Amino acid sequence: MSDWKTKPTDRFILKWIKMNLSARITPKLVALEHLRPWMITLFSTGVGVFAGVVFAAGWGWIAAFLAAFAQVMDGVDGQFSRLTGMQSKGGAFLDSVLDRYFDLALTIGLVVYLIRLPVGFPPWLLLVIGFLALAGGSLISYTTARAESLGIPMGKPTLASKGTRTSVIVISGWASLLWPPAPVLALVYIAVHTNIVVIRRIFLAHAYSDNL
């Protein structure tokens, strides 16, 4: 049985990470008597936020390794709770909230890294793109939750989810070893993709309301 490894809403990138990486760690932690899912959630968030700080300091490739590890551990807490029967709505809520801190810290760190690095973009433009990336990333989660609460179908889970966004940033961080401005591609991609998805969801919700 692999039900404990993933959730139905996981898309292929996040599903691959959980099934091939997180699932290698989780069974080893189940035997730890005093370990609780919220502890793993706090740990993964802490590593993720620290990755953002390291990115801002100019060490993109190190930040990428930290962010990748945090993303793997972010899958472990849910797997651990399912395997141990410790699932709870409070735990799911905590995980969702702390995911936003991880997401925001990593994106802000990426923007600061690019502002400090000569990339050919004026700082004001990087700030605008960074704002769009932050807003779009946050609105992906918000529109998902809001649509579910209102009963508005949004179709299949989007590829603009946190797992995809983090993976793109991680790859750009590793690429910065060969080409330091590489993270600018990740920032632009996130800003464009997430906001396209949000705009599409606005039209879907409007069309759904008109059809009632």
# chains A, B, ... in the order shown; residues from 1 in each chain; ligands from 1

call {"tool": "closest_atom_pairs", "arguments": {"of": "segment 85-175 of chain A", "to": "segment 59-77 of chain A", "cutoff": "6 Å", "atoms": "only C-alpha atoms", "output": "tab-separated table"}}
result
residue	atom	partner	partner_atom	distance
A:Val170	CA	A:Ala64	CA	4.4
A:Gly173	CA	A:Gly60	CA	4.7
A:Trp174	CA	A:Trp61	CA	4.6

call {"tool": "write_last_selection", "arguments": {"atoms": "C-alpha atoms", "output": "PDB file, in the first residue's frame"}}
result
ATOM      1  CA  VAL A 170      16.028  24.866  -6.365  1.00  0.00           C
ATOM      2  CA  GLY A 173      19.930  27.903  -7.365  1.00  0.00           C
ATOM      3  CA  TRP A 174      22.018  24.958  -8.523  1.00  0.00           C
TER       4      TRP A 174
END

call {"tool": "closest_atom_pairs", "arguments": {"of": "segment 56-94 of chain A", "to": "segment 116-138 of chain A", "cutoff": "9 Å", "atoms": "only C-alpha atoms", "output": "CSV"}}
result
residue,atom,partner,partner_atom,distance
A:Ala56,CA,A:Arg116,CA,8.3
A:Ala57,CA,A:Arg116,CA,8.9
A:Gly58,CA,A:Arg116,CA,7.8

call {"tool": "closest_residue", "arguments": {"among": "A:Gln87, A:Val168, A:Leu98, A:Pro27", "to": "Ser44 of chain A", "atoms": "only C-alpha atoms"}}
result
A:Leu98

call {"tool": "residues_around", "arguments": {"residues": "Asp103 of chain A", "least_positions_apart": "4", "cutoff": "8 Å", "atoms": "only C-alpha atoms", "output": "PDB file with N, CA and C atoms, in the first residue's frame"}}
result
ATOM      1  N   GLY A  48      13.487  25.691   5.571  1.00  0.00           N
ATOM      2  CA  GLY A  48      13.065  26.437   4.388  1.00  0.00           C
ATOM      3  C   GLY A  48      13.277  27.940   4.536  1.00  0.00           C
ATOM      4  N   ASP A  99       3.739  26.514   5.502  1.00  0.00           N
ATOM      5  CA  ASP A  99       4.181  26.443   4.107  1.00  0.00           C
ATOM      6  C   ASP A  99       4.319  27.835   3.503  1.00  0.00           C
ATOM      7  N   THR A 107      11.178  33.073  -1.695  1.00  0.00           N
ATOM      8  CA  THR A 107      11.004  34.033  -2.795  1.00  0.00           C
ATOM      9  C   THR A 107      11.655  35.369  -2.470  1.00  0.00           C
ATOM     10  N   GLY A 137       2.005  33.428  -5.828  1.00  0.00           N
ATOM     11  CA  GLY A 137       2.190  32.216  -5.028  1.00  0.00           C
ATOM     12  C   GLY A 137       1.207  32.125  -3.884  1.00  0.00           C
ATOM     13  N   LYS A 162       3.104  24.921  -4.644  1.00  0.00           N
ATOM     14  CA  LYS A 162       4.343  25.166  -3.907  1.00  0.00           C
ATOM     15  C   LYS A 162       5.441  24.190  -4.301  1.00  0.00           C
ATOM     16  N   THR A 166       8.931  25.622  -5.625  1.00  0.00           N
ATOM     17  CA  THR A 166      10.165  25.348  -4.888  1.00  0.00           C
ATOM     18  C   THR A 166      11.170  24.615  -5.766  1.00  0.00           C
TER      19      THR A 166
END

call {"tool": "closest_residue", "arguments": {"among": "A:Leu106, A:Ala31, A:Ala23, A:Val97", "to": "Gly78 of chain A", "atoms": "only C-alpha atoms"}}
result
A:Ala23

call {"tool": "atom_distance", "arguments": {"atom1": "atom CA of Met19 of chain A", "atom2": "atom CA of Lys5 of chain A"}}
result
5.8 Å

call {"tool": "closest_residue", "arguments": {"among": "A:Gly46, A:Pro180, A:Gly52, A:Pro37", "to": "Gly91 of chain A", "atoms": "only C-alpha atoms"}}
result
A:Pro37

call {"tool": "residues_around", "arguments": {"residues": "segment 206-212 of chain A", "least_positions_apart": "4", "cutoff": "10 Å", "atoms": "only C-alpha atoms", "output": "NGL selection string"}}
result
:A and (152-154 or 200-202)

call {"tool": "residues_around", "arguments": {"residues": "Leu139 of chain A", "least_positions_apart": "4", "cutoff": "10 Å", "atoms": "only C-alpha atoms", "output": "PDB file with N, CA and C atoms, in the first residue's frame"}}
result
ATOM      1  N   ALA A 133       5.434  37.604  -8.037  1.00  0.00           N
ATOM      2  CA  ALA A 133       5.714  36.221  -7.651  1.00  0.00           C
ATOM      3  C   ALA A 133       5.155  35.919  -6.268  1.00  0.00           C
ATOM      4  N   LEU A 134       5.356  36.841  -5.326  1.00  0.00           N
ATOM      5  CA  LEU A 134       4.835  36.659  -3.969  1.00  0.00           C
ATOM      6  C   LEU A 134       3.310  36.636  -3.963  1.00  0.00           C
ATOM      7  N   ALA A 135       2.710  37.592  -4.669  1.00  0.00           N
ATOM      8  CA  ALA A 135       1.251  37.669  -4.714  1.00  0.00           C
ATOM      9  C   ALA A 135       0.669  36.438  -5.401  1.00  0.00           C
ATOM     10  N   THR A 143      -6.820  30.956  -3.407  1.00  0.00           N
ATOM     11  CA  THR A 143      -7.931  30.662  -4.317  1.00  0.00           C
ATOM     12  C   THR A 143      -8.328  29.191  -4.249  1.00  0.00           C
ATOM     13  N   THR A 144      -7.348  28.318  -4.002  1.00  0.00           N
ATOM     14  CA  THR A 144      -7.670  26.900  -3.838  1.00  0.00           C
ATOM     15  C   THR A 144      -8.582  26.699  -2.633  1.00  0.00           C
ATOM     16  N   ALA A 145      -8.163  27.270  -1.499  1.00  0.00           N
ATOM     17  CA  ALA A 145      -8.945  27.123  -0.267  1.00  0.00           C
ATOM     18  C   ALA A 145     -10.305  27.802  -0.378  1.00  0.00           C
ATOM     19  N   ARG A 146     -10.331  28.984  -0.974  1.00  0.00           N
ATOM     20  CA  ARG A 146     -11.582  29.736  -1.089  1.00  0.00           C
ATOM     21  C   ARG A 146     -12.566  29.029  -2.017  1.00  0.00           C
ATOM     22  N   THR A 194       2.011  31.773 -11.976  1.00  0.00           N
ATOM     23  CA  THR A 194       1.029  31.811 -10.884  1.00  0.00           C
ATOM     24  C   THR A 194      -0.100  32.794 -11.169  1.00  0.00           C
ATOM     25  N   ASN A 195       0.237  33.949 -11.707  1.00  0.00           N
ATOM     26  CA  ASN A 195      -0.805  34.953 -11.955  1.00  0.00           C
ATOM     27  C   ASN A 195      -1.704  34.574 -13.127  1.00  0.00           C
ATOM     28  N   VAL A 197      -2.580  31.499 -13.698  1.00  0.00           N
ATOM     29  CA  VAL A 197      -3.486  30.532 -13.079  1.00  0.00           C
ATOM     30  C   VAL A 197      -4.552  31.249 -12.247  1.00  0.00           C
ATOM     31  N   VAL A 198      -4.145  32.269 -11.489  1.00  0.00           N
ATOM     32  CA  VAL A 198      -5.100  33.010 -10.655  1.00  0.00           C
ATOM     33  C   VAL A 198      -6.151  33.700 -11.525  1.00  0.00           C
TER      34      VAL A 198
END

call {"tool": "closest_residue", "arguments": {"among": "A:Ser161, A:Ser172, A:Ser167, A:Ser96", "to": "His193 of chain A", "atoms": "only C-alpha atoms"}}
result
A:Ser161
